[in-house]
$ cat protein.pdb   # PDB, C-alpha atoms, pLDDT in the B column
ATOM      1  CA  MET A   1      25.122  -3.627  42.449  1.00 45.00           C
ATOM      2  CA  LEU A   2      21.353  -3.420  42.274  1.00 53.00           C
ATOM      3  CA  ARG A   3      19.489  -4.409  45.400  1.00 47.00           C
ATOM      4  CA  ARG A   4      17.928  -7.877  45.393  1.00 50.00           C
ATOM      5  CA  ARG A   5      14.713  -8.456  47.271  1.00 47.00           C
ATOM      6  CA  ARG A   6      11.629 -10.473  46.477  1.00 47.00           C
ATOM      7  CA  ALA A   7       8.440  -8.490  46.052  1.00 48.00           C
ATOM      8  CA  PRO A   8       5.112  -9.527  47.569  1.00 46.00           C
ATOM      9  CA  SER A   9       2.533 -10.702  45.056  1.00 44.00           C
ATOM     10  CA  ALA A  10       0.527  -8.030  43.246  1.00 48.00           C
ATOM     11  CA  GLU A  11      -2.593 -10.087  43.902  1.00 49.00           C
ATOM     12  CA  ARG A  12      -1.927  -9.871  47.640  1.00 45.00           C
ATOM     13  CA  THR A  13      -1.073  -6.170  47.688  1.00 44.00           C
ATOM     14  CA  GLY A  14      -3.462  -4.904  45.019  1.00 57.00           C
ATOM     15  CA  THR A  15      -0.777  -2.545  43.699  1.00 78.00           C
ATOM     16  CA  ALA A  16       0.488  -2.277  40.157  1.00 94.00           C
ATOM     17  CA  ALA A  17       3.969  -3.205  39.021  1.00 98.00           C
ATOM     18  CA  ASP A  18       6.369  -0.498  37.875  1.00 98.00           C
ATOM     19  CA  LEU A  19       7.499  -2.696  34.996  1.00 98.00           C
ATOM     20  CA  LEU A  20       6.424  -5.977  33.398  1.00 98.00           C
ATOM     21  CA  VAL A  21       9.252  -7.754  31.579  1.00 98.00           C
ATOM     22  CA  VAL A  22       8.290 -10.599  29.243  1.00 98.00           C
ATOM     23  CA  GLY A  23      10.784 -12.899  27.546  1.00 98.00           C
ATOM     24  CA  LEU A  24       9.443 -14.644  24.456  1.00 98.00           C
ATOM     25  CA  GLY A  25      10.070 -18.243  23.436  1.00 97.00           C
ATOM     26  CA  ASN A  26       8.449 -21.613  22.874  1.00 97.00           C
ATOM     27  CA  PRO A  27       7.617 -23.932  25.800  1.00 97.00           C
ATOM     28  CA  GLY A  28       9.281 -27.293  26.328  1.00 95.00           C
ATOM     29  CA  ASP A  29      12.793 -28.612  26.839  1.00 96.00           C
ATOM     30  CA  GLU A  30      13.284 -29.255  23.132  1.00 96.00           C
ATOM     31  CA  TYR A  31      13.163 -25.498  22.467  1.00 96.00           C
ATOM     32  CA  ALA A  32      15.263 -24.382  25.441  1.00 96.00           C
ATOM     33  CA  HIS A  33      18.234 -22.194  24.458  1.00 96.00           C
ATOM     34  CA  THR A  34      17.272 -22.094  20.788  1.00 96.00           C
ATOM     35  CA  LYS A  35      17.537 -18.830  18.885  1.00 97.00           C
ATOM     36  CA  HIS A  36      13.800 -18.212  19.253  1.00 96.00           C
ATOM     37  CA  ASN A  37      14.108 -18.499  23.061  1.00 97.00           C
ATOM     38  CA  VAL A  38      16.747 -15.862  23.805  1.00 98.00           C
ATOM     39  CA  GLY A  39      14.052 -13.688  25.412  1.00 98.00           C
ATOM     40  CA  ALA A  40      13.201 -16.466  27.853  1.00 98.00           C
ATOM     41  CA  ASP A  41      16.931 -16.842  28.593  1.00 98.00           C
ATOM     42  CA  VAL A  42      17.121 -13.179  29.613  1.00 98.00           C
ATOM     43  CA  ILE A  43      14.224 -13.623  32.042  1.00 98.00           C
ATOM     44  CA  ALA A  44      15.940 -16.679  33.539  1.00 98.00           C
ATOM     45  CA  LEU A  45      19.052 -14.586  34.132  1.00 98.00           C
ATOM     46  CA  LEU A  46      17.088 -11.728  35.707  1.00 98.00           C
ATOM     47  CA  ALA A  47      15.265 -14.213  37.927  1.00 98.00           C
ATOM     48  CA  ASP A  48      18.598 -15.623  39.060  1.00 98.00           C
ATOM     49  CA  ARG A  49      20.055 -12.167  39.711  1.00 97.00           C
ATOM     50  CA  HIS A  50      17.152 -10.997  41.825  1.00 97.00           C
ATOM     51  CA  GLY A  51      16.044 -14.156  43.597  1.00 97.00           C
ATOM     52  CA  ALA A  52      12.835 -14.815  41.699  1.00 97.00           C
ATOM     53  CA  ARG A  53      11.202 -18.236  41.771  1.00 96.00           C
ATOM     54  CA  MET A  54       9.418 -18.563  38.466  1.00 98.00           C
ATOM     55  CA  ARG A  55       6.174 -20.509  38.827  1.00 97.00           C
ATOM     56  CA  ARG A  56       3.306 -21.360  36.532  1.00 96.00           C
ATOM     57  CA  GLY A  57       0.527 -18.795  36.849  1.00 94.00           C
ATOM     58  CA  LYS A  58      -3.043 -18.712  35.606  1.00 95.00           C
ATOM     59  CA  GLU A  59      -1.931 -16.265  32.894  1.00 97.00           C
ATOM     60  CA  ARG A  60      -0.375 -19.204  30.989  1.00 97.00           C
ATOM     61  CA  ALA A  61       3.098 -18.067  31.945  1.00 98.00           C
ATOM     62  CA  LEU A  62       5.934 -18.609  34.375  1.00 98.00           C
ATOM     63  CA  VAL A  63       5.832 -15.562  36.644  1.00 98.00           C
ATOM     64  CA  ASP A  64       7.265 -13.955  39.750  1.00 98.00           C
ATOM     65  CA  GLU A  65       7.848 -10.480  41.144  1.00 97.00           C
ATOM     66  CA  VAL A  66      10.988  -8.883  42.534  1.00 97.00           C
ATOM     67  CA  HIS A  67      12.115  -5.486  43.737  1.00 96.00           C
ATOM     68  CA  ILE A  68      14.933  -3.866  41.779  1.00 95.00           C
ATOM     69  CA  SER A  69      16.245  -0.538  43.090  1.00 92.00           C
ATOM     70  CA  GLY A  70      13.098  -0.205  45.184  1.00 94.00           C
ATOM     71  CA  LYS A  71      10.714  -0.719  42.258  1.00 96.00           C
ATOM     72  CA  ARG A  72       8.281  -3.559  41.691  1.00 97.00           C
ATOM     73  CA  VAL A  73       9.129  -5.638  38.642  1.00 98.00           C
ATOM     74  CA  ALA A  74       7.125  -8.577  37.282  1.00 98.00           C
ATOM     75  CA  LEU A  75       9.080 -11.162  35.300  1.00 98.00           C
ATOM     76  CA  ALA A  76       7.267 -13.529  32.941  1.00 98.00           C
ATOM     77  CA  VAL A  77       7.806 -16.147  30.258  1.00 98.00           C
ATOM     78  CA  PRO A  78       4.647 -17.112  28.341  1.00 98.00           C
ATOM     79  CA  LEU A  79       3.917 -20.837  28.133  1.00 98.00           C
ATOM     80  CA  THR A  80       1.957 -20.381  24.924  1.00 97.00           C
ATOM     81  CA  TRP A  81       3.550 -21.008  21.554  1.00 97.00           C
ATOM     82  CA  MET A  82       5.485 -17.997  20.290  1.00 96.00           C
ATOM     83  CA  ASN A  83       2.808 -17.101  17.729  1.00 96.00           C
ATOM     84  CA  ASP A  84       0.190 -16.923  20.523  1.00 98.00           C
ATOM     85  CA  SER A  85       2.272 -14.881  22.980  1.00 98.00           C
ATOM     86  CA  GLY A  86      -0.323 -12.110  23.090  1.00 98.00           C
ATOM     87  CA  GLU A  87      -2.855 -14.389  24.816  1.00 98.00           C
ATOM     88  CA  SER A  88      -0.597 -14.618  27.856  1.00 98.00           C
ATOM     89  CA  VAL A  89       0.710 -11.055  27.694  1.00 98.00           C
ATOM     90  CA  ARG A  90      -2.802  -9.598  27.703  1.00 98.00           C
ATOM     91  CA  LEU A  91      -3.577 -11.450  30.931  1.00 98.00           C
ATOM     92  CA  LEU A  92      -0.244 -10.441  32.464  1.00 98.00           C
ATOM     93  CA  VAL A  93      -0.818  -6.768  31.629  1.00 98.00           C
ATOM     94  CA  ARG A  94      -4.220  -6.972  33.316  1.00 97.00           C
ATOM     95  CA  ARG A  95      -2.872  -8.787  36.386  1.00 97.00           C
ATOM     96  CA  TYR A  96      -0.019  -6.371  36.999  1.00 98.00           C
ATOM     97  CA  GLY A  97      -1.909  -3.216  36.076  1.00 98.00           C
ATOM     98  CA  VAL A  98       0.634  -1.869  33.617  1.00 98.00           C
ATOM     99  CA  THR A  99       0.248   0.227  30.485  1.00 97.00           C
ATOM    100  CA  PRO A 100       1.877  -0.823  27.198  1.00 96.00           C
ATOM    101  CA  GLU A 101       4.628   1.709  27.922  1.00 96.00           C
ATOM    102  CA  GLN A 102       5.423  -0.212  31.137  1.00 98.00           C
ATOM    103  CA  LEU A 103       5.802  -3.472  29.223  1.00 98.00           C
ATOM    104  CA  VAL A 104       9.244  -4.611  28.043  1.00 98.00           C
ATOM    105  CA  VAL A 105       9.319  -7.516  25.583  1.00 98.00           C
ATOM    106  CA  VAL A 106      12.631  -9.306  25.060  1.00 98.00           C
ATOM    107  CA  HIS A 107      12.824 -11.231  21.794  1.00 98.00           C
ATOM    108  CA  ASP A 108      14.970 -12.615  18.996  1.00 97.00           C
ATOM    109  CA  GLU A 109      15.534 -10.498  15.891  1.00 95.00           C
ATOM    110  CA  LEU A 110      16.344 -11.885  12.436  1.00 93.00           C
ATOM    111  CA  ASP A 111      17.256  -8.451  11.081  1.00 93.00           C
ATOM    112  CA  LEU A 112      20.204  -8.087  13.473  1.00 95.00           C
ATOM    113  CA  PRO A 113      23.529  -9.946  13.317  1.00 96.00           C
ATOM    114  CA  VAL A 114      24.071 -12.697  15.864  1.00 97.00           C
ATOM    115  CA  ALA A 115      24.611 -11.244  19.360  1.00 97.00           C
ATOM    116  CA  ALA A 116      23.734  -7.655  18.371  1.00 98.00           C
ATOM    117  CA  LEU A 117      21.568  -5.828  20.919  1.00 98.00           C
ATOM    118  CA  ARG A 118      19.111  -3.002  20.360  1.00 98.00           C
ATOM    119  CA  VAL A 119      16.564  -1.273  22.585  1.00 98.00           C
ATOM    120  CA  LYS A 120      13.457   0.050  20.854  1.00 97.00           C
ATOM    121  CA  SER A 121      10.388   1.966  21.977  1.00 96.00           C
ATOM    122  CA  GLY A 122       7.245   1.096  20.044  1.00 94.00           C
ATOM    123  CA  GLY A 123       7.222   0.979  16.261  1.00 89.00           C
ATOM    124  CA  GLY A 124       7.079  -1.812  13.697  1.00 89.00           C
ATOM    125  CA  LEU A 125       7.101  -5.538  14.284  1.00 87.00           C
ATOM    126  CA  ALA A 126       9.749  -6.593  11.695  1.00 81.00           C
ATOM    127  CA  GLY A 127       7.659  -9.657  10.814  1.00 83.00           C
ATOM    128  CA  HIS A 128       7.965 -11.162  14.301  1.00 93.00           C
ATOM    129  CA  ASN A 129       4.868 -13.280  14.955  1.00 93.00           C
ATOM    130  CA  GLY A 130       5.211 -13.069  18.746  1.00 96.00           C
ATOM    131  CA  LEU A 131       5.195  -9.268  18.616  1.00 96.00           C
ATOM    132  CA  ARG A 132       2.299  -9.305  16.164  1.00 96.00           C
ATOM    133  CA  SER A 133       0.264 -11.434  18.563  1.00 97.00           C
ATOM    134  CA  ILE A 134       1.030  -9.058  21.431  1.00 97.00           C
ATOM    135  CA  LYS A 135      -0.004  -6.034  19.372  1.00 96.00           C
ATOM    136  CA  ASN A 136      -3.234  -7.731  18.318  1.00 97.00           C
ATOM    137  CA  HIS A 137      -4.187  -8.580  21.906  1.00 97.00           C
ATOM    138  CA  LEU A 138      -3.169  -5.240  23.448  1.00 97.00           C
ATOM    139  CA  HIS A 139      -4.399  -3.157  20.493  1.00 96.00           C
ATOM    140  CA  SER A 140      -1.173  -1.203  20.862  1.00 96.00           C
ATOM    141  CA  ASP A 141       2.430  -1.392  19.731  1.00 95.00           C
ATOM    142  CA  ASP A 142       3.644   1.185  22.264  1.00 96.00           C
ATOM    143  CA  PHE A 143       5.491  -1.394  24.369  1.00 97.00           C
ATOM    144  CA  GLN A 144       9.286  -1.374  24.750  1.00 98.00           C
ATOM    145  CA  ARG A 145      11.440  -4.019  23.051  1.00 97.00           C
ATOM    146  CA  ILE A 146      14.870  -5.451  23.685  1.00 98.00           C
ATOM    147  CA  ARG A 147      15.963  -7.063  20.434  1.00 97.00           C
ATOM    148  CA  ILE A 148      18.653  -9.739  20.360  1.00 98.00           C
ATOM    149  CA  GLY A 149      20.135 -10.561  16.977  1.00 97.00           C
ATOM    150  CA  VAL A 150      20.073 -14.157  15.770  1.00 96.00           C
ATOM    151  CA  GLY A 151      21.053 -13.460  12.162  1.00 94.00           C
ATOM    152  CA  LYS A 152      19.224 -14.160   8.927  1.00 89.00           C
ATOM    153  CA  PRO A 153      18.750 -17.642   7.450  1.00 85.00           C
ATOM    154  CA  THR A 154      20.185 -18.289   4.009  1.00 78.00           C
ATOM    155  CA  SER A 155      16.678 -18.267   2.503  1.00 75.00           C
ATOM    156  CA  LYS A 156      13.188 -17.227   3.554  1.00 70.00           C
ATOM    157  CA  GLU A 157      12.048 -20.837   3.392  1.00 59.00           C
ATOM    158  CA  GLN A 158      14.568 -21.749   6.087  1.00 75.00           C
ATOM    159  CA  GLY A 159      13.345 -19.101   8.540  1.00 73.00           C
ATOM    160  CA  ALA A 160      11.435 -21.464  10.840  1.00 81.00           C
ATOM    161  CA  ASP A 161      14.264 -23.984  10.996  1.00 88.00           C
ATOM    162  CA  HIS A 162      16.735 -21.166  11.646  1.00 92.00           C
ATOM    163  CA  VAL A 163      15.008 -19.723  14.709  1.00 92.00           C
ATOM    164  CA  LEU A 164      14.342 -23.182  16.146  1.00 93.00           C
ATOM    165  CA  SER A 165      18.001 -24.181  15.849  1.00 94.00           C
ATOM    166  CA  ARG A 166      20.705 -23.714  18.471  1.00 95.00           C
ATOM    167  CA  PHE A 167      23.707 -21.453  18.243  1.00 95.00           C
ATOM    168  CA  SER A 168      27.112 -22.761  17.263  1.00 94.00           C
ATOM    169  CA  LYS A 169      29.707 -22.996  20.018  1.00 95.00           C
ATOM    170  CA  ARG A 170      31.275 -19.700  18.940  1.00 96.00           C
ATOM    171  CA  GLU A 171      27.889 -17.983  18.642  1.00 97.00           C
ATOM    172  CA  ARG A 172      26.831 -19.345  22.053  1.00 97.00           C
ATOM    173  CA  ALA A 173      29.777 -17.629  23.731  1.00 97.00           C
ATOM    174  CA  GLU A 174      28.816 -14.348  22.057  1.00 98.00           C
ATOM    175  CA  ILE A 175      25.104 -14.645  22.751  1.00 98.00           C
ATOM    176  CA  ASP A 176      25.717 -15.369  26.448  1.00 98.00           C
ATOM    177  CA  VAL A 177      27.423 -11.966  26.695  1.00 98.00           C
ATOM    178  CA  THR A 178      24.493 -10.329  24.913  1.00 98.00           C
ATOM    179  CA  ILE A 179      22.010 -11.983  27.275  1.00 98.00           C
ATOM    180  CA  GLU A 180      23.901 -10.421  30.194  1.00 98.00           C
ATOM    181  CA  GLN A 181      23.770  -7.043  28.439  1.00 98.00           C
ATOM    182  CA  ALA A 182      20.054  -7.450  27.721  1.00 98.00           C
ATOM    183  CA  ALA A 183      19.402  -8.056  31.423  1.00 98.00           C
ATOM    184  CA  ASP A 184      21.452  -4.937  32.161  1.00 98.00           C
ATOM    185  CA  ALA A 185      19.324  -3.037  29.634  1.00 98.00           C
ATOM    186  CA  VAL A 186      16.129  -4.060  31.429  1.00 98.00           C
ATOM    187  CA  GLU A 187      17.555  -2.686  34.660  1.00 98.00           C
ATOM    188  CA  ARG A 188      18.619   0.514  32.882  1.00 97.00           C
ATOM    189  CA  ILE A 189      15.097   1.014  31.503  1.00 97.00           C
ATOM    190  CA  LEU A 190      13.737   0.632  35.025  1.00 96.00           C
ATOM    191  CA  THR A 191      16.148   3.035  36.702  1.00 96.00           C
ATOM    192  CA  ASP A 192      16.901   5.585  33.967  1.00 96.00           C
ATOM    193  CA  GLY A 193      14.214   5.196  31.307  1.00 96.00           C
ATOM    194  CA  VAL A 194      14.071   3.744  27.818  1.00 97.00           C
ATOM    195  CA  ASP A 195      15.720   6.743  26.135  1.00 97.00           C
ATOM    196  CA  ASP A 196      18.775   6.362  28.339  1.00 97.00           C
ATOM    197  CA  ALA A 197      18.868   2.623  27.608  1.00 98.00           C
ATOM    198  CA  MET A 198      18.682   3.287  23.869  1.00 97.00           C
ATOM    199  CA  ASN A 199      21.557   5.754  24.096  1.00 97.00           C
ATOM    200  CA  ARG A 200      23.611   3.248  26.053  1.00 96.00           C
ATOM    201  CA  TYR A 201      22.981   0.073  24.078  1.00 97.00           C
ATOM    202  CA  ASN A 202      22.206   1.260  20.536  1.00 96.00           C
ATOM    203  CA  SER A 203      25.480   3.108  19.964  1.00 79.00           C
TER     204      SER A 203
END
$ encode --input "protein.pdb" --output "structure tokens"
Amino acid sequence: MLRRRRAPSAERTGTAADLLVVGLGNPGDEYAHTKHNVGADVIALLADRHGARMRRGKERALVDEVHISGKRVALAVPLTWMNDSGESVRLLVRRYGVTPEQLVVVHDELDLPVAALRVKSGGGLAGHNGLRSIKNHLHSDDFQRIRIGVGKPTSKEQGADHVLSRFSKRERAEIDVTIEQAADAVERILTDGVDDAMNRYNS
């Protein structure tokens, strides 16, 4: 069991975080637990595991810091719209003093079957507008990703409706397991590195 202890604020200590973990989604109750918000769901689970109290910060995000296995971890959920996620992430990266390689973005993935999980280091954006915004604001795509499959819509025209819809009852049971695994993957990246996490969760 990983140790749970709240971390003092980076602004108070002046020290950088070891990892910044950002879960993507849209703000507002109407979008809670939709397919597009699985990244935010992972952050909520991590916050619950490690005693974080997510609060609105000046970076246009819900934020808090915790210690996991003796390392400082910042958790965040942007309060911007998904397509503008980079505006918040840029400010979070500056606040917590991390490099792109110390940033983990958790997000939904149309190109994966529902409840599939993949860990990825850098690379393409697979048409994800939230990732594109982050790349544009950081001028880098070297950040780590935890991709959670939400399946493809039946047609390209239905893409927006698909990601803003909720899972079926059967899919919800499967995705809840994947959200647990995604939180585990974040902890594995922190303790053992992204290559180890890829070996563990991409097999």
$ closest_atom_pairs --input "protein.pdb" --of "range 70-105 of chain A" --to "range 111-122 of chain A" --cutoff "12 Å" --atoms "only C-alpha atoms" --output "JSON lines"
{"residue": "A:Pro100", "atom": "CA", "partner": "A:Gly122", "partner_atom": "CA", "distance": 9.1}
{"residue": "A:Glu101", "atom": "CA", "partner": "A:Ser121", "partner_atom": "CA", "distance": 8.3}
{"residue": "A:Gln102", "atom": "CA", "partner": "A:Ser121", "partner_atom": "CA", "distance": 10.6}
{"residue": "A:Leu103", "atom": "CA", "partner": "A:Ser121", "partner_atom": "CA", "distance": 10.2}
{"residue": "A:Val104", "atom": "CA", "partner": "A:Ser121", "partner_atom": "CA", "distance": 9.0}
{"residue": "A:Val105", "atom": "CA", "partner": "A:Lys120", "partner_atom": "CA", "distance": 9.8}
$ residues_near_point --input "protein.pdb" --point "(0.0, -20.8, 29.7)" --cutoff "7 Å" --atoms "only C-alpha atoms" --output "list in words"
Lys58, Glu59, Arg60, Ala61, Pro78, Leu79, Thr80 and Ser88 of chain A
$ residues_around --input "protein.pdb" --residues "range 188-196 of chain A" --least-positions-apart "2" --cutoff "12 Å" --atoms "all atoms listed in the file" --output "PyMOL selection string"
chain A and resi 2-3+17-21+67-74+101-105+118-122+143-146+181-186+198-203
$ residues_around --input "protein.pdb" --residues "Ser165 in chain A" --least-positions-apart "2" --cutoff "8 Å" --atoms "all atoms listed in the file" --output "ChimeraX atom specification"
/A:34-35,161-163,167
$ atom_distance --input "protein.pdb" --atom1 "CA of Glu30 in chain A" --atom2 "CA of Val93 in chain A"
27.9 Å
$ build_atoms --input "protein.pdb" --residues "range 121-155 of chain A" --atoms "N, CA and C atoms" --output "PDB file, keeping the file's coordinate frame"
ATOM      1  N   SER A 121      11.633   1.547  21.349  1.00 96.00           N
ATOM      2  CA  SER A 121      10.388   1.966  21.977  1.00 96.00           C
ATOM      3  C   SER A 121       9.301   2.040  20.927  1.00 96.00           C
ATOM      4  N   GLY A 122       8.343   1.107  20.994  1.00 94.00           N
ATOM      5  CA  GLY A 122       7.245   1.096  20.044  1.00 94.00           C
ATOM      6  C   GLY A 122       7.712   0.805  18.629  1.00 94.00           C
ATOM      7  N   GLY A 123       6.839   1.108  17.659  1.00 89.00           N
ATOM      8  CA  GLY A 123       7.222   0.979  16.261  1.00 89.00           C
ATOM      9  C   GLY A 123       6.807  -0.337  15.639  1.00 89.00           C
ATOM     10  N   GLY A 124       7.450  -0.653  14.490  1.00 89.00           N
ATOM     11  CA  GLY A 124       7.079  -1.812  13.697  1.00 89.00           C
ATOM     12  C   GLY A 124       7.432  -3.127  14.358  1.00 89.00           C
ATOM     13  N   LEU A 125       6.976  -4.199  13.717  1.00 87.00           N
ATOM     14  CA  LEU A 125       7.101  -5.538  14.284  1.00 87.00           C
ATOM     15  C   LEU A 125       8.155  -6.385  13.582  1.00 87.00           C
ATOM     16  N   ALA A 126       8.691  -5.906  12.448  1.00 81.00           N
ATOM     17  CA  ALA A 126       9.749  -6.593  11.695  1.00 81.00           C
ATOM     18  C   ALA A 126       9.384  -8.050  11.388  1.00 81.00           C
ATOM     19  N   GLY A 127       8.088  -8.312  11.181  1.00 83.00           N
ATOM     20  CA  GLY A 127       7.659  -9.657  10.814  1.00 83.00           C
ATOM     21  C   GLY A 127       7.696 -10.679  11.934  1.00 83.00           C
ATOM     22  N   HIS A 128       7.864 -10.229  13.171  1.00 93.00           N
ATOM     23  CA  HIS A 128       7.965 -11.162  14.301  1.00 93.00           C
ATOM     24  C   HIS A 128       6.557 -11.549  14.762  1.00 93.00           C
ATOM     25  N   ASN A 129       6.231 -12.837  14.656  1.00 93.00           N
ATOM     26  CA  ASN A 129       4.868 -13.280  14.955  1.00 93.00           C
ATOM     27  C   ASN A 129       4.503 -13.136  16.429  1.00 93.00           C
ATOM     28  N   GLY A 130       5.484 -13.271  17.324  1.00 96.00           N
ATOM     29  CA  GLY A 130       5.211 -13.069  18.746  1.00 96.00           C
ATOM     30  C   GLY A 130       4.813 -11.634  19.034  1.00 96.00           C
ATOM     31  N   LEU A 131       5.534 -10.685  18.441  1.00 96.00           N
ATOM     32  CA  LEU A 131       5.195  -9.268  18.616  1.00 96.00           C
ATOM     33  C   LEU A 131       3.844  -8.947  17.978  1.00 96.00           C
ATOM     34  N   ARG A 132       3.584  -9.540  16.834  1.00 96.00           N
ATOM     35  CA  ARG A 132       2.299  -9.305  16.164  1.00 96.00           C
ATOM     36  C   ARG A 132       1.147  -9.773  17.047  1.00 96.00           C
ATOM     37  N   SER A 133       1.304 -10.923  17.673  1.00 97.00           N
ATOM     38  CA  SER A 133       0.264 -11.434  18.563  1.00 97.00           C
ATOM     39  C   SER A 133       0.052 -10.496  19.748  1.00 97.00           C
ATOM     40  N   ILE A 134       1.145  -9.983  20.304  1.00 97.00           N
ATOM     41  CA  ILE A 134       1.030  -9.058  21.431  1.00 97.00           C
ATOM     42  C   ILE A 134       0.304  -7.789  21.002  1.00 97.00           C
ATOM     43  N   LYS A 135       0.674  -7.239  19.862  1.00 96.00           N
ATOM     44  CA  LYS A 135      -0.004  -6.034  19.372  1.00 96.00           C
ATOM     45  C   LYS A 135      -1.493  -6.293  19.166  1.00 96.00           C
ATOM     46  N   ASN A 136      -1.827  -7.430  18.590  1.00 97.00           N
ATOM     47  CA  ASN A 136      -3.234  -7.731  18.318  1.00 97.00           C
ATOM     48  C   ASN A 136      -4.048  -7.848  19.602  1.00 97.00           C
ATOM     49  N   HIS A 137      -3.448  -8.393  20.648  1.00 97.00           N
ATOM     50  CA  HIS A 137      -4.187  -8.580  21.906  1.00 97.00           C
ATOM     51  C   HIS A 137      -4.224  -7.313  22.755  1.00 97.00           C
ATOM     52  N   LEU A 138      -3.191  -6.490  22.663  1.00 97.00           N
ATOM     53  CA  LEU A 138      -3.169  -5.240  23.448  1.00 97.00           C
ATOM     54  C   LEU A 138      -3.762  -4.071  22.673  1.00 97.00           C
ATOM     55  N   HIS A 139      -3.945  -4.251  21.362  1.00 96.00           N
ATOM     56  CA  HIS A 139      -4.399  -3.157  20.493  1.00 96.00           C
ATOM     57  C   HIS A 139      -3.469  -1.960  20.608  1.00 96.00           C
ATOM     58  N   SER A 140      -2.186  -2.257  20.738  1.00 96.00           N
ATOM     59  CA  SER A 140      -1.173  -1.203  20.862  1.00 96.00           C
ATOM     60  C   SER A 140       0.188  -1.800  20.533  1.00 96.00           C
ATOM     61  N   ASP A 141       1.044  -0.979  19.929  1.00 95.00           N
ATOM     62  CA  ASP A 141       2.430  -1.392  19.731  1.00 95.00           C
ATOM     63  C   ASP A 141       3.378  -0.436  20.463  1.00 95.00           C
ATOM     64  N   ASP A 142       2.872   0.202  21.519  1.00 96.00           N
ATOM     65  CA  ASP A 142       3.644   1.185  22.264  1.00 96.00           C
ATOM     66  C   ASP A 142       4.547   0.573  23.330  1.00 96.00           C
ATOM     67  N   PHE A 143       4.641  -0.757  23.368  1.00 97.00           N
ATOM     68  CA  PHE A 143       5.491  -1.394  24.369  1.00 97.00           C
ATOM     69  C   PHE A 143       6.964  -1.284  23.966  1.00 97.00           C
ATOM     70  N   GLN A 144       7.845  -1.445  24.966  1.00 98.00           N
ATOM     71  CA  GLN A 144       9.286  -1.374  24.750  1.00 98.00           C
ATOM     72  C   GLN A 144       9.794  -2.744  24.299  1.00 98.00           C
ATOM     73  N   ARG A 145      10.877  -2.748  23.517  1.00 97.00           N
ATOM     74  CA  ARG A 145      11.440  -4.019  23.051  1.00 97.00           C
ATOM     75  C   ARG A 145      12.939  -4.041  23.310  1.00 97.00           C
ATOM     76  N   ILE A 146      13.434  -5.192  23.678  1.00 98.00           N
ATOM     77  CA  ILE A 146      14.870  -5.451  23.685  1.00 98.00           C
ATOM     78  C   ILE A 146      15.099  -6.544  22.670  1.00 98.00           C
ATOM     79  N   ARG A 147      15.806  -6.204  21.608  1.00 97.00           N
ATOM     80  CA  ARG A 147      15.963  -7.063  20.434  1.00 97.00           C
ATOM     81  C   ARG A 147      17.348  -7.707  20.461  1.00 97.00           C
ATOM     82  N   ILE A 148      17.389  -8.998  20.342  1.00 98.00           N
ATOM     83  CA  ILE A 148      18.653  -9.739  20.360  1.00 98.00           C
ATOM     84  C   ILE A 148      18.833 -10.408  18.999  1.00 98.00           C
ATOM     85  N   GLY A 149      19.910 -10.057  18.322  1.00 97.00           N
ATOM     86  CA  GLY A 149      20.135 -10.561  16.977  1.00 97.00           C
ATOM     87  C   GLY A 149      20.446 -12.045  16.932  1.00 97.00           C
ATOM     88  N   VAL A 150      19.785 -12.736  16.003  1.00 96.00           N
ATOM     89  CA  VAL A 150      20.073 -14.157  15.770  1.00 96.00           C
ATOM     90  C   VAL A 150      20.496 -14.402  14.321  1.00 96.00           C
ATOM     91  N   GLY A 151      20.606 -13.333  13.539  1.00 94.00           N
ATOM     92  CA  GLY A 151      21.053 -13.460  12.162  1.00 94.00           C
ATOM     93  C   GLY A 151      19.982 -13.973  11.233  1.00 94.00           C
ATOM     94  N   LYS A 152      20.189 -13.726   9.938  1.00 89.00           N
ATOM     95  CA  LYS A 152      19.224 -14.160   8.927  1.00 89.00           C
ATOM     96  C   LYS A 152      19.537 -15.569   8.439  1.00 89.00           C
ATOM     97  N   PRO A 153      18.512 -16.347   8.110  1.00 85.00           N
ATOM     98  CA  PRO A 153      18.750 -17.642   7.450  1.00 85.00           C
ATOM     99  C   PRO A 153      19.200 -17.406   6.014  1.00 85.00           C
ATOM    100  N   THR A 154      19.709 -18.435   5.381  1.00 78.00           N
ATOM    101  CA  THR A 154      20.185 -18.289   4.009  1.00 78.00           C
ATOM    102  C   THR A 154      19.049 -18.090   3.015  1.00 78.00           C
ATOM    103  N   SER A 155      17.839 -18.504   3.358  1.00 75.00           N
ATOM    104  CA  SER A 155      16.678 -18.267   2.503  1.00 75.00           C
ATOM    105  C   SER A 155      15.439 -18.101   3.369  1.00 75.00           C
TER     106      SER A 155
END
